[in-house]
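Engineer: This is coords-v8.tsv, which holds TSV, C-alpha atoms and all ligand atoms:
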```tsv
chain	number	residue	atom	x	y	z
A	1	MET	CA	-21.12	3.74	-4.17
A	2	SER	CA	-17.87	2.28	-5.33
A	3	ASN	CA	-15.14	1.23	-2.96
A	4	ILE	CA	-11.66	2.38	-3.78
A	5	VAL	CA	-8.60	0.96	-2.04
A	6	ALA	CA	-5.32	2.85	-2.53
A	7	ILE	CA	-1.91	1.36	-1.75
A	8	VAL	CA	0.59	3.95	-0.50
A	9	GLY	CA	4.11	3.77	0.87
A	10	ARG	CA	7.71	4.45	0.02
A	11	PRO	CA	9.26	3.12	-3.19
A	12	ASN	CA	10.33	-0.53	-3.14
A	13	VAL	CA	8.08	-1.62	-0.28
A	14	GLY	CA	6.13	-3.88	-2.65
A	15	LYS	CA	3.04	-1.84	-3.61
A	16	SER	CA	3.01	-2.88	-7.26
A	17	THR	CA	3.58	-6.53	-6.35
A	18	LEU	CA	0.47	-6.50	-4.16
A	19	PHE	CA	-1.47	-4.53	-6.78
A	20	ASN	CA	-0.64	-7.08	-9.46
A	21	ARG	CA	-1.58	-9.91	-7.14
A	22	LEU	CA	-4.96	-8.31	-6.42
A	23	LEU	CA	-5.54	-7.93	-10.16
A	24	GLU	CA	-4.62	-11.50	-11.02
A	25	ARG	CA	-6.51	-12.71	-14.06
A	26	ARG	CA	-7.98	-9.25	-14.48
A	27	GLU	CA	-7.05	-6.39	-16.72
A	28	ALA	CA	-5.63	-3.13	-15.48
A	29	ILE	CA	-7.77	-0.15	-16.34
A	30	VAL	CA	-5.96	2.17	-18.69
A	31	ASP	CA	-6.44	5.60	-17.25
A	32	SER	CA	-6.20	8.46	-19.69
A	33	THR	CA	-6.52	11.31	-17.18
A	34	ALA	CA	-3.67	13.72	-17.70
A	35	GLY	CA	-1.58	15.26	-14.98
A	36	VAL	CA	-1.15	14.04	-11.47
A	37	THR	CA	-2.92	10.75	-11.95
A	38	ARG	CA	-0.49	9.59	-14.62
A	39	ASP	CA	1.73	8.05	-11.97
A	40	ARG	CA	-1.04	5.82	-10.77
A	41	HIS	CA	-2.54	2.59	-11.93
A	42	TYR	CA	-6.12	1.55	-11.46
A	43	GLY	CA	-7.58	-1.93	-11.52
A	44	LYS	CA	-10.62	-3.90	-10.45
A	45	SER	CA	-10.51	-6.68	-7.92
A	46	ASP	CA	-12.90	-8.53	-5.67
A	47	TRP	CA	-12.85	-10.49	-2.47
A	48	ASN	CA	-15.60	-12.90	-1.49
A	49	GLY	CA	-17.74	-11.45	-4.25
A	50	VAL	CA	-17.27	-7.85	-3.13
A	51	GLU	CA	-15.88	-5.72	-5.95
A	52	PHE	CA	-13.55	-2.79	-5.44
A	53	THR	CA	-11.13	-0.60	-7.35
A	54	VAL	CA	-7.45	-0.72	-6.43
A	55	ILE	CA	-5.03	2.16	-6.97
A	56	ASP	CA	-1.30	1.54	-7.15
A	57	THR	CA	0.43	4.80	-6.32
A	58	GLY	CA	4.03	5.61	-7.13
A	59	GLY	CA	5.82	5.41	-10.38
A	60	TYR	CA	8.23	7.98	-8.97
A	61	ASP	CA	11.63	6.47	-9.31
A	62	VAL	CA	13.99	9.17	-8.20
A	63	ASN	CA	16.93	9.20	-5.87
A	64	ASN	CA	16.88	12.81	-4.84
A	65	ASP	CA	15.43	12.82	-1.33
A	66	ASP	CA	13.56	16.13	-1.67
A	67	VAL	CA	11.77	15.21	-4.89
A	68	PHE	CA	11.11	11.90	-3.31
A	69	GLN	CA	9.39	13.31	-0.23
A	70	GLY	CA	7.32	15.74	-2.29
A	71	GLU	CA	6.16	13.02	-4.67
A	72	ILE	CA	5.25	10.67	-1.88
A	73	SER	CA	3.26	13.29	0.03
A	74	LYS	CA	1.46	14.18	-3.20
A	75	GLN	CA	0.50	10.58	-3.82
A	76	VAL	CA	-0.60	10.10	-0.22
A	77	GLN	CA	-2.74	13.24	-0.41
A	78	LEU	CA	-4.34	12.05	-3.67
A	79	ALA	CA	-5.08	8.71	-2.04
A	80	ILE	CA	-6.64	10.47	0.95
A	81	ASP	CA	-8.81	12.56	-1.40
A	82	GLU	CA	-9.89	9.74	-3.66
A	83	ALA	CA	-9.80	6.42	-1.81
A	84	THR	CA	-12.39	5.00	0.55
A	85	SER	CA	-9.75	2.80	2.25
A	86	ILE	CA	-5.98	3.03	2.32
A	87	ILE	CA	-3.35	0.34	2.60
A	88	PHE	CA	-0.20	1.86	4.09
A	89	MET	CA	2.59	-0.51	3.14
A	90	LEU	CA	5.87	-0.76	5.02
A	91	ASN	CA	8.90	-2.91	4.37
A	92	VAL	CA	10.30	-5.10	7.12
A	93	GLU	CA	13.57	-5.52	5.21
A	94	GLU	CA	14.34	-1.81	5.45
A	95	GLY	CA	12.62	-1.15	8.76
A	96	LEU	CA	10.97	2.06	9.90
A	97	THR	CA	12.15	5.33	8.30
A	98	ASP	CA	11.44	9.05	8.80
A	99	THR	CA	9.35	9.04	5.64
A	100	ASP	CA	7.22	6.26	7.09
A	101	TYR	CA	6.52	8.44	10.14
A	102	GLU	CA	5.51	11.33	7.86
A	103	ILE	CA	3.17	9.22	5.75
A	104	HIS	CA	1.65	7.75	8.90
A	105	GLU	CA	1.02	11.21	10.32
A	106	MET	CA	-0.73	12.36	7.13
A	107	LEU	CA	-2.95	9.29	7.16
A	108	ARG	CA	-3.69	9.59	10.87
A	109	ARG	CA	-4.84	13.17	10.45
A	110	SER	CA	-7.04	12.25	7.48
A	111	ASN	CA	-9.22	9.89	9.50
A	112	LYS	CA	-9.54	7.62	6.43
A	113	PRO	CA	-9.79	3.91	7.24
A	114	THR	CA	-6.14	2.88	7.06
A	115	TYR	CA	-4.70	-0.64	7.14
A	116	ILE	CA	-1.05	-0.80	8.11
A	117	VAL	CA	0.60	-3.62	6.26
A	118	ILE	CA	4.16	-4.79	6.82
A	119	ASN	CA	5.36	-6.45	3.63
A	120	LYS	CA	8.20	-8.88	2.86
A	121	VAL	CA	7.38	-10.95	5.93
A	122	ASP	CA	8.42	-14.13	4.16
A	123	SER	CA	9.28	-16.17	7.28
A	124	ALA	CA	9.04	-16.33	11.08
A	125	LYS	CA	12.20	-14.23	11.42
A	126	GLU	CA	10.58	-11.23	9.73
A	127	GLU	CA	7.47	-11.73	11.84
A	128	ILE	CA	9.61	-10.94	14.89
A	129	ASP	CA	11.42	-8.06	13.15
A	130	ALA	CA	8.02	-6.52	12.31
A	131	THR	CA	7.37	-5.70	15.98
A	132	GLU	CA	9.64	-2.68	15.38
A	133	PHE	CA	6.67	-1.03	13.67
A	134	TYR	CA	4.80	-0.69	16.97
A	135	GLN	CA	7.06	2.36	17.37
A	136	LEU	CA	4.59	4.15	15.09
A	137	GLY	CA	2.28	4.12	18.10
A	138	ILE	CA	-0.18	1.75	16.44
A	139	GLU	CA	-2.21	-1.04	17.99
A	140	LYS	CA	-2.53	-3.30	15.00
A	141	TYR	CA	-0.66	-4.13	11.83
A	142	TYR	CA	-0.91	-6.89	9.30
A	143	THR	CA	2.08	-8.86	8.09
A	144	ILE	CA	2.09	-10.12	4.53
A	145	SER	CA	4.33	-11.44	1.82
A	146	SER	CA	3.15	-9.88	-1.43
A	147	ALA	CA	5.54	-12.18	-3.21
A	148	THR	CA	3.73	-15.34	-2.06
A	149	GLY	CA	0.37	-13.84	-1.14
A	150	SER	CA	0.57	-15.07	2.44
A	151	GLY	CA	-1.40	-12.89	4.86
A	152	THR	CA	-3.32	-11.06	2.16
A	153	GLY	CA	-6.58	-12.89	2.88
A	154	GLU	CA	-6.82	-11.58	6.44
A	155	ILE	CA	-6.44	-7.96	5.44
A	156	LEU	CA	-8.90	-8.29	2.56
A	157	ASP	CA	-11.43	-9.86	4.94
A	158	ASP	CA	-11.16	-6.80	7.17
A	159	ILE	CA	-11.16	-4.23	4.36
A	160	VAL	CA	-14.30	-5.52	2.67
A	161	ARG	CA	-16.05	-5.95	6.01
A	162	ASP	CA	-15.49	-2.24	6.70
A	163	PHE	CA	-16.85	-1.03	3.33
A	201	LIG	P1	6.91	-0.64	-5.09
A	201	LIG	O1	8.01	0.27	-5.49
A	201	LIG	O2	6.42	-0.31	-3.72
A	201	LIG	O3	5.81	-0.73	-6.09
A	201	LIG	O4	7.55	-2.10	-4.94
A	201	LIG	P2	7.55	-3.33	-5.97
A	201	LIG	O5	6.25	-4.04	-5.95
A	201	LIG	O6	8.02	-2.85	-7.29
A	201	LIG	O7	8.60	-4.31	-5.29
A	201	LIG	C1	9.93	-3.90	-5.04
A	201	LIG	C2	10.82	-5.13	-4.90
A	201	LIG	O8	10.45	-5.87	-3.75
A	201	LIG	C3	10.70	-6.10	-6.08
A	201	LIG	O9	11.99	-6.61	-6.36
A	201	LIG	C4	9.78	-7.18	-5.55
A	201	LIG	O10	9.99	-8.42	-6.18
A	201	LIG	C5	10.18	-7.22	-4.10
A	201	LIG	N1	9.08	-7.73	-3.23
A	201	LIG	C6	7.78	-7.36	-3.25
A	201	LIG	N2	7.07	-8.03	-2.34
A	201	LIG	C7	7.92	-8.86	-1.70
A	201	LIG	C8	7.79	-9.81	-0.63
A	201	LIG	O11	6.72	-10.05	-0.08
A	201	LIG	N3	8.93	-10.42	-0.23
A	201	LIG	C9	10.14	-10.19	-0.82
A	201	LIG	N4	11.18	-10.88	-0.35
A	201	LIG	N5	10.31	-9.32	-1.83
A	201	LIG	C10	9.22	-8.66	-2.27
A	202	MG	MG	5.49	0.36	-7.82
```
Could you render the structure as structure tokens?
Structural biologist:
Amino acid sequence: MSNIVAIVGRPNVGKSTLFNRLLERREAIVDSTAGVTRDRHYGKSDWNGVEFTVIDTGGYDVNNDDVFQGEISKQVQLAIDEATSIIFMLNVEEGLTDTDYEIHEMLRRSNKPTYIVINKVDSAKEEIDATEFYQLGIEKYYTISSATGSGTGEILDDIVRDF
């Protein structure tokens, strides 16, 4: 049984930055599957000796809001279908958006183990700003800085423990 962790969220929240950090010193898997998976990147990572596959979703880089929403829901649905755990990434710089609520609702209904991660928490100020995300009706979130890696250990501890 392989464990697959997908990173989902709106564009620019920092998904690829976290993905690349998790793959440090490792090679991305070149995926040749045509069609819907072409927007995604796969890689292998491990934490405390536990190996898992990571999926970076996205690749959509469009400004039209409708295309945008459709693409994001598609990627979230693919993650729900394929992943064993999902990291839902949010961006404290931009705050909570309607799209975030929609993604959260899809994930909630899926019953997949979901880890809500607020990214770009680079200092104590953003730690306070992040409390805004309780408006999603959640009990727990993680705060990280993908740029520096701070906070990523705690979430990985929890993810691999739940495998
Ligand atoms: P994606 O579209 O979700 O894959 O986001 P990217 O990983 O491409 O990151 C979008 C932008 O946010 C880039 O300019 C990153 O350098 C920046 N970024 C990512 N993580 C952090 C972070 O923890 N703190 C800050 N300040 N910027 C970040
Ligand atoms: Mg990206």
Engineer: Can I get the residues close to ligand MG 202 (chain A) as a list in words, where close means within 7 Å and we count only C-alpha atoms and all ligand atoms?
Structural biologist: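 Every residue with an atom at most 7 Å from ligand MG 202 (chain A) is listed here: Pro11, Asn12, Gly14, Lys15, Ser16, Asp56, Thr57, Gly58 and Gly59 of chain A.
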Engineer: Do you have, as JSON lines, the list of residues of chain A lying at most 10 Å from ligand LIG 201 (chain A), each with its nearest atom pair and that distance in Å to one decimal, counting only C-alpha atoms and all ligand atoms and ordered by chain then number?
Structural biologist:
```
{"residue": "A:Ile7", "atom": "CA", "partner": "A:LIG201", "partner_atom": "O2", "distance": 8.7}
{"residue": "A:Val8", "atom": "CA", "partner": "A:LIG201", "partner_atom": "O2", "distance": 7.9}
{"residue": "A:Gly9", "atom": "CA", "partner": "A:LIG201", "partner_atom": "O2", "distance": 6.6}
{"residue": "A:Arg10", "atom": "CA", "partner": "A:LIG201", "partner_atom": "O2", "distance": 6.2}
{"residue": "A:Pro11", "atom": "CA", "partner": "A:LIG201", "partner_atom": "O1", "distance": 3.9}
{"residue": "A:Asn12", "atom": "CA", "partner": "A:LIG201", "partner_atom": "O1", "distance": 3.4}
{"residue": "A:Val13", "atom": "CA", "partner": "A:LIG201", "partner_atom": "O2", "distance": 4.0}
{"residue": "A:Gly14", "atom": "CA", "partner": "A:LIG201", "partner_atom": "O4", "distance": 3.2}
{"residue": "A:Lys15", "atom": "CA", "partner": "A:LIG201", "partner_atom": "O2", "distance": 3.7}
{"residue": "A:Ser16", "atom": "CA", "partner": "A:LIG201", "partner_atom": "O5", "distance": 3.7}
{"residue": "A:Thr17", "atom": "CA", "partner": "A:LIG201", "partner_atom": "O5", "distance": 3.7}
{"residue": "A:Leu18", "atom": "CA", "partner": "A:LIG201", "partner_atom": "O5", "distance": 6.5}
{"residue": "A:Phe19", "atom": "CA", "partner": "A:LIG201", "partner_atom": "O5", "distance": 7.8}
{"residue": "A:Asn20", "atom": "CA", "partner": "A:LIG201", "partner_atom": "O5", "distance": 8.3}
{"residue": "A:Arg21", "atom": "CA", "partner": "A:LIG201", "partner_atom": "O5", "distance": 9.9}
{"residue": "A:Asp56", "atom": "CA", "partner": "A:LIG201", "partner_atom": "O3", "distance": 7.5}
{"residue": "A:Thr57", "atom": "CA", "partner": "A:LIG201", "partner_atom": "O3", "distance": 7.7}
{"residue": "A:Gly58", "atom": "CA", "partner": "A:LIG201", "partner_atom": "O3", "distance": 6.7}
{"residue": "A:Gly59", "atom": "CA", "partner": "A:LIG201", "partner_atom": "O1", "distance": 7.4}
{"residue": "A:Tyr60", "atom": "CA", "partner": "A:LIG201", "partner_atom": "O1", "distance": 8.5}
{"residue": "A:Asp61", "atom": "CA", "partner": "A:LIG201", "partner_atom": "O1", "distance": 8.1}
{"residue": "A:Met89", "atom": "CA", "partner": "A:LIG201", "partner_atom": "O2", "distance": 7.9}
{"residue": "A:Leu90", "atom": "CA", "partner": "A:LIG201", "partner_atom": "O2", "distance": 8.8}
{"residue": "A:Asn91", "atom": "CA", "partner": "A:LIG201", "partner_atom": "C7", "distance": 8.6}
{"residue": "A:Val92", "atom": "CA", "partner": "A:LIG201", "partner_atom": "N3", "distance": 9.2}
{"residue": "A:Glu93", "atom": "CA", "partner": "A:LIG201", "partner_atom": "N4", "distance": 8.1}
{"residue": "A:Ile118", "atom": "CA", "partner": "A:LIG201", "partner_atom": "O11", "distance": 9.0}
{"residue": "A:Asn119", "atom": "CA", "partner": "A:LIG201", "partner_atom": "O11", "distance": 5.3}
{"residue": "A:Lys120", "atom": "CA", "partner": "A:LIG201", "partner_atom": "O11", "distance": 3.5}
{"residue": "A:Val121", "atom": "CA", "partner": "A:LIG201", "partner_atom": "O11", "distance": 6.1}
{"residue": "A:Asp122", "atom": "CA", "partner": "A:LIG201", "partner_atom": "N3", "distance": 5.8}
{"residue": "A:Ser123", "atom": "CA", "partner": "A:LIG201", "partner_atom": "N3", "distance": 9.5}
{"residue": "A:Thr143", "atom": "CA", "partner": "A:LIG201", "partner_atom": "O11", "distance": 9.5}
{"residue": "A:Ile144", "atom": "CA", "partner": "A:LIG201", "partner_atom": "O11", "distance": 6.5}
{"residue": "A:Ser145", "atom": "CA", "partner": "A:LIG201", "partner_atom": "O11", "distance": 3.4}
{"residue": "A:Ser146", "atom": "CA", "partner": "A:LIG201", "partner_atom": "O11", "distance": 3.8}
{"residue": "A:Ala147", "atom": "CA", "partner": "A:LIG201", "partner_atom": "O11", "distance": 4.0}
{"residue": "A:Thr148", "atom": "CA", "partner": "A:LIG201", "partner_atom": "O11", "distance": 6.4}
{"residue": "A:Gly149", "atom": "CA", "partner": "A:LIG201", "partner_atom": "O11", "distance": 7.5}
{"residue": "A:Ser150", "atom": "CA", "partner": "A:LIG201", "partner_atom": "O11", "distance": 8.3}
{"residue": "A:Gly151", "atom": "CA", "partner": "A:LIG201", "partner_atom": "O11", "distance": 9.9}
```
Engineer: Please report the interatomic distance between atom CA of Thr53 of chain A and atom CA of Glu139 of chain A in Å with one decimal.
Structural biologist: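 Interatomic distance here is 26.9 Å.
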Engineer: Can you tell me, as a PyMOL selection string, what residues are no more than 12 Å from Asp81 of chain A when counting all atoms listed in the file, ignoring any on the same chain fewer than 6 positions away?
Structural biologist: chain A and resi 4-6+74-75+106-107+110-112
Engineer: Atom CA of Ile159 of chain A to atom CA of Gly137 of chain A: how many Å, to one decimal?
Structural biologist: 21.0 Å
Engineer: Box in all listed atoms of segment 134-146 of chain A, axis-aligned, with 4 Å more on each side; write out centre and edge lengths in Å to one decimal as JSON.
Structural biologist:
```
{"center_x": 2.3, "center_y": -3.6, "center_z": 8.3, "size_x": 17.6, "size_y": 23.6, "size_z": 27.5}
```
Engineer: Do you have the atom CA of Glu24 of chain A-atom CA of Val76 of chain A distance handy?
Structural biologist: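 Atom CA of Val76 of chain A lies at a distance of 24.5 Å from atom CA of Glu24 of chain A.
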Engineer: Nearest residue to Ile138 of chain A out of A:Phe52, A:Phe163, A:Tyr101, A:Trp47, using all atoms listed in the file?
Structural biologist: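 When distances to Ile138 of chain A are compared using all atoms listed in the file, the smallest one comes from A:Tyr101.
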Engineer: With distances taken over only C-alpha atoms, which residue among A:Val160, A:Leu136, A:Ile80, A:Ile87 lies nearest His104 of chain A?
Structural biologist: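 Of A:Val160, A:Leu136, A:Ile80, A:Ile87, the one nearest His104 of chain A is A:Leu136, counting only C-alpha atoms.
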Engineer: Choose the residue, out of A:Ile116, A:Ala130, A:Leu22, A:Ala124, that has the smallest atom-to-atom separation from Leu96 of chain A; count all atoms listed in the file.
Structural biologist: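 Closest candidate: A:Ala130.
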